[in-house]
Amino acid sequence: MRARYVVDTNVLIAASAGDPVHPKDIDATPDDPALRAKVWAWLDAFQQSDARLVLDLAGEIYGEYNHKLGFNDFGIQVVMHKWSTAAVDDVPVDYDQDGHGVLPASLDAVIHDKADKKMVAAALAAQAQFGDGCVACAGDTDWHDWEAALSAHQVLLEPIIEAWSRQKYAEKQHRS
């Protein structure tokens with residue numbers, strides 16, 4: 001496990017759906033219970049680790065988490081645990097007039113999912129501030145599409161269910 005992560009919302013959703021004690025009945029990708037269990041296991045290990053959660057100072061990432069999940073869902077409880085143990089790094093993220101994270105032009109042209117721009121901006125800020133910018137992702141294959149551009153900015157990806165997400169990404173590329 002790395003020292004710190006921006007955790008994409010899809011990780012919290014899939015882990016909450018895969019919670020072995022209180023599974024959330026929610027539309028989550030992937031829909032395979034075994035894969036959801038792997039995402040849950042990663043998030044559980046993250047919660048118990050010394051790894052830090054990266055959020056933006058403006059609270060937009062946490063706002064997205066709360067828009068998708070409820071207070072008692074496992075994903076939100078992990079965030080609460082990280083806050084309660086002072087294991088959150090709040091980083092500055094600039095937002096445009098539409099509320100999307102501002103990125104360098106070379107990334108802005110590549111990151112087409114406007115909601116993910118704040119995640120990328122937070123990872124860039126963590127890289128600048130701490131020398132470590134990593135995004136943990138699960139069911140969203142767009143991250144693979146952006147991997148080379150992110151790497152050029154020293155932002156790493158940690159695909160939690162990598163074999164599945166790379167296969168889905170390859171299938172998506174084949175259809176295009």
# chains A, B, ... in the order shown; residues from 1 in each chain; ligands from 1
>>> residues_around(residues="Val120 of chain A", least_positions_apart="6", cutoff="8 Å", atoms="only C-alpha atoms", output="ChimeraX atom specification")
/A:101,103,135
>>> write_last_selection(atoms="N, CA and C atoms", output="tab-separated table (two decimals), in the first residue's frame")
chain	number	residue	atom	x	y	z
A	101	GLY	N	-12.62	20.51	-11.46
A	101	GLY	CA	-11.22	20.70	-11.12
A	101	GLY	C	-10.44	21.25	-12.29
A	103	LEU	N	-7.16	21.62	-14.45
A	103	LEU	CA	-6.00	20.79	-14.76
A	103	LEU	C	-5.08	21.51	-15.72
A	135	VAL	N	-4.05	7.53	-7.59
A	135	VAL	CA	-5.50	7.39	-7.60
A	135	VAL	C	-5.82	5.91	-7.53
>>> select_by_dssp(residues="chain A", states="strand (DSSP E)", output="MDAnalysis selection string")
chainID A and resid 4:7 52:56 88:91 133:137 155:159
>>> write_last_selection(atoms="C-alpha atoms", output="mmCIF file, in the first residue's frame")
data_model
loop_
_atom_site.group_PDB
_atom_site.id
_atom_site.type_symbol
_atom_site.label_atom_id
_atom_site.label_comp_id
_atom_site.auth_asym_id
_atom_site.auth_seq_id
_atom_site.Cartn_x
_atom_site.Cartn_y
_atom_site.Cartn_z
ATOM 1 C CA ARG A 4 -1.509 8.221 0.336
ATOM 2 C CA TYR A 5 -4.380 7.877 -2.123
ATOM 3 C CA VAL A 6 -7.054 9.843 -3.841
ATOM 4 C CA VAL A 7 -9.814 7.225 -3.739
ATOM 5 C CA ARG A 52 -3.515 8.609 4.109
ATOM 6 C CA LEU A 53 -6.632 9.706 2.245
ATOM 7 C CA VAL A 54 -6.241 12.738 -0.019
ATOM 8 C CA LEU A 55 -9.220 15.101 -0.222
ATOM 9 C CA ASP A 56 -9.582 18.628 -1.555
ATOM 10 C CA VAL A 88 -6.459 12.832 5.759
ATOM 11 C CA ASP A 89 -4.375 15.202 3.676
ATOM 12 C CA ASP A 90 -6.458 18.133 2.442
ATOM 13 C CA VAL A 91 -4.886 19.614 -0.669
ATOM 14 C CA GLY A 133 0.070 11.256 -6.129
ATOM 15 C CA CYS A 134 -1.880 8.032 -6.644
ATOM 16 C CA VAL A 135 -5.496 7.389 -7.596
ATOM 17 C CA ALA A 136 -7.103 4.145 -6.422
ATOM 18 C CA CYS A 137 -9.789 3.052 -8.872
ATOM 19 C CA VAL A 155 0.329 10.595 -11.058
ATOM 20 C CA LEU A 156 0.038 6.858 -10.550
ATOM 21 C CA LEU A 157 -2.979 4.587 -10.773
ATOM 22 C CA GLU A 158 -3.742 1.690 -8.502
ATOM 23 C CA PRO A 159 -6.436 -0.347 -10.232
#
>>> closest_residue(among="A:Asp142, A:Glu64, A:Asp94, A:Asp19", to="Asp44 of chain A", atoms="only C-alpha atoms")
A:Asp19
>>> select_by_dssp(residues="chain A", states="helix (DSSP H, G or I)", output="PDB file with C-alpha atoms, in the first residue's frame")
ATOM      1  CA  THR A   9     -15.817   7.256  -5.750  1.00  0.00           C
ATOM      2  CA  ASN A  10     -16.324   3.978  -7.620  1.00  0.00           C
ATOM      3  CA  VAL A  11     -14.072   2.276  -5.045  1.00  0.00           C
ATOM      4  CA  LEU A  12     -16.275   3.422  -2.164  1.00  0.00           C
ATOM      5  CA  ILE A  13     -19.444   2.409  -4.017  1.00  0.00           C
ATOM      6  CA  ALA A  14     -18.206  -1.066  -5.015  1.00  0.00           C
ATOM      7  CA  ALA A  15     -16.784  -1.688  -1.530  1.00  0.00           C
ATOM      8  CA  SER A  16     -20.057  -0.619   0.084  1.00  0.00           C
ATOM      9  CA  ALA A  17     -21.973  -2.963  -2.237  1.00  0.00           C
ATOM     10  CA  PRO A  33     -19.930 -10.229  -5.863  1.00  0.00           C
ATOM     11  CA  ALA A  34     -16.433 -11.760  -5.854  1.00  0.00           C
ATOM     12  CA  LEU A  35     -14.945  -8.651  -7.473  1.00  0.00           C
ATOM     13  CA  ARG A  36     -16.864  -6.388  -5.118  1.00  0.00           C
ATOM     14  CA  ALA A  37     -15.416  -8.428  -2.247  1.00  0.00           C
ATOM     15  CA  LYS A  38     -11.897  -7.740  -3.580  1.00  0.00           C
ATOM     16  CA  VAL A  39     -12.625  -4.007  -3.648  1.00  0.00           C
ATOM     17  CA  TRP A  40     -14.052  -4.228  -0.125  1.00  0.00           C
ATOM     18  CA  ALA A  41     -10.926  -6.088   1.053  1.00  0.00           C
ATOM     19  CA  TRP A  42      -8.665  -3.391  -0.423  1.00  0.00           C
ATOM     20  CA  LEU A  43     -10.673  -0.589   1.202  1.00  0.00           C
ATOM     21  CA  ASP A  44     -10.736  -2.468   4.514  1.00  0.00           C
ATOM     22  CA  ALA A  45      -6.927  -2.870   4.342  1.00  0.00           C
ATOM     23  CA  PHE A  46      -6.630   0.828   3.452  1.00  0.00           C
ATOM     24  CA  GLN A  47      -8.752   1.750   6.481  1.00  0.00           C
ATOM     25  CA  GLN A  48      -6.550  -0.292   8.803  1.00  0.00           C
ATOM     26  CA  GLU A  60     -15.954  18.678  -3.370  1.00  0.00           C
ATOM     27  CA  ILE A  61     -14.582  15.116  -3.358  1.00  0.00           C
ATOM     28  CA  TYR A  62     -16.252  14.365  -0.038  1.00  0.00           C
ATOM     29  CA  GLY A  63     -19.413  15.978  -1.409  1.00  0.00           C
ATOM     30  CA  GLU A  64     -19.365  13.537  -4.323  1.00  0.00           C
ATOM     31  CA  TYR A  65     -18.880  10.634  -1.921  1.00  0.00           C
ATOM     32  CA  ASN A  66     -21.918  11.787   0.078  1.00  0.00           C
ATOM     33  CA  HIS A  67     -24.003  12.266  -3.059  1.00  0.00           C
ATOM     34  CA  LYS A  68     -23.491   8.592  -3.925  1.00  0.00           C
ATOM     35  CA  PHE A  74     -18.822   1.188   4.454  1.00  0.00           C
ATOM     36  CA  GLY A  75     -17.116   3.604   2.055  1.00  0.00           C
ATOM     37  CA  ILE A  76     -18.201   6.671   4.026  1.00  0.00           C
ATOM     38  CA  GLN A  77     -17.258   4.967   7.291  1.00  0.00           C
ATOM     39  CA  VAL A  78     -13.713   4.473   5.964  1.00  0.00           C
ATOM     40  CA  VAL A  79     -13.517   8.205   5.196  1.00  0.00           C
ATOM     41  CA  MET A  80     -14.803   8.992   8.701  1.00  0.00           C
ATOM     42  CA  HIS A  81     -12.210   6.649  10.202  1.00  0.00           C
ATOM     43  CA  LYS A  82      -9.403   8.348   8.284  1.00  0.00           C
ATOM     44  CA  TRP A  83     -10.618  11.736   9.554  1.00  0.00           C
ATOM     45  CA  SER A  84     -10.954  10.507  13.131  1.00  0.00           C
ATOM     46  CA  ALA A 105      -3.833  21.938 -20.522  1.00  0.00           C
ATOM     47  CA  SER A 106      -2.105  18.658 -21.379  1.00  0.00           C
ATOM     48  CA  LEU A 107      -4.407  16.783 -18.991  1.00  0.00           C
ATOM     49  CA  ASP A 108      -7.506  18.898 -19.512  1.00  0.00           C
ATOM     50  CA  LYS A 114     -15.591  16.260 -15.674  1.00  0.00           C
ATOM     51  CA  ALA A 115     -16.347  14.681 -12.266  1.00  0.00           C
ATOM     52  CA  ASP A 116     -12.940  12.979 -12.298  1.00  0.00           C
ATOM     53  CA  LYS A 117     -11.074  16.228 -12.934  1.00  0.00           C
ATOM     54  CA  LYS A 118     -11.202  17.075  -9.218  1.00  0.00           C
ATOM     55  CA  MET A 119      -9.729  13.649  -8.416  1.00  0.00           C
ATOM     56  CA  VAL A 120      -6.876  14.231 -10.863  1.00  0.00           C
ATOM     57  CA  ALA A 121      -6.331  17.767  -9.570  1.00  0.00           C
ATOM     58  CA  ALA A 122      -6.128  16.431  -6.004  1.00  0.00           C
ATOM     59  CA  ALA A 123      -3.610  13.763  -7.074  1.00  0.00           C
ATOM     60  CA  LEU A 124      -1.524  16.441  -8.811  1.00  0.00           C
ATOM     61  CA  ALA A 125      -1.638  18.580  -5.667  1.00  0.00           C
ATOM     62  CA  ALA A 126      -0.629  15.596  -3.513  1.00  0.00           C
ATOM     63  CA  GLN A 127       2.256  14.876  -5.884  1.00  0.00           C
ATOM     64  CA  ALA A 128       3.392  18.512  -5.672  1.00  0.00           C
ATOM     65  CA  GLN A 129       2.992  18.747  -1.895  1.00  0.00           C
ATOM     66  CA  PHE A 130       4.094  15.275  -0.758  1.00  0.00           C
ATOM     67  CA  ASP A 142     -11.627   5.526 -18.102  1.00  0.00           C
ATOM     68  CA  TRP A 143      -8.627   5.697 -15.792  1.00  0.00           C
ATOM     69  CA  HIS A 144      -6.752   3.270 -18.070  1.00  0.00           C
ATOM     70  CA  ASP A 145      -7.441   5.551 -21.021  1.00  0.00           C
ATOM     71  CA  TRP A 146      -5.728   8.399 -19.161  1.00  0.00           C
ATOM     72  CA  GLU A 147      -2.909   6.382 -17.613  1.00  0.00           C
ATOM     73  CA  ALA A 148      -0.084   7.540 -19.916  1.00  0.00           C
ATOM     74  CA  ALA A 149      -1.033  11.211 -19.597  1.00  0.00           C
ATOM     75  CA  LEU A 150      -1.298  10.902 -15.816  1.00  0.00           C
ATOM     76  CA  SER A 151       2.044   9.120 -15.640  1.00  0.00           C
ATOM     77  CA  ALA A 152       3.649  11.979 -17.562  1.00  0.00           C
ATOM     78  CA  GLU A 162      -6.722  -4.635 -12.407  1.00  0.00           C
ATOM     79  CA  ALA A 163      -7.228  -7.786 -14.487  1.00  0.00           C
ATOM     80  CA  TRP A 164     -10.981  -7.122 -14.683  1.00  0.00           C
ATOM     81  CA  SER A 165     -10.665  -3.380 -15.379  1.00  0.00           C
ATOM     82  CA  ARG A 166      -7.985  -3.839 -18.049  1.00  0.00           C
ATOM     83  CA  GLN A 167     -10.094  -6.522 -19.750  1.00  0.00           C
ATOM     84  CA  LYS A 168     -13.163  -4.242 -19.707  1.00  0.00           C
ATOM     85  CA  TYR A 169     -11.031  -1.384 -21.023  1.00  0.00           C
ATOM     86  CA  ALA A 170      -9.702  -3.573 -23.864  1.00  0.00           C
ATOM     87  CA  GLU A 171     -13.269  -4.634 -24.739  1.00  0.00           C
ATOM     88  CA  LYS A 172     -14.343  -0.991 -24.795  1.00  0.00           C
ATOM     89  CA  GLN A 173     -11.417  -0.099 -27.077  1.00  0.00           C
ATOM     90  CA  HIS A 174     -12.267  -2.977 -29.406  1.00  0.00           C
ATOM     91  CA  ARG A 175     -15.873  -1.699 -29.753  1.00  0.00           C
TER      92      ARG A 175
END
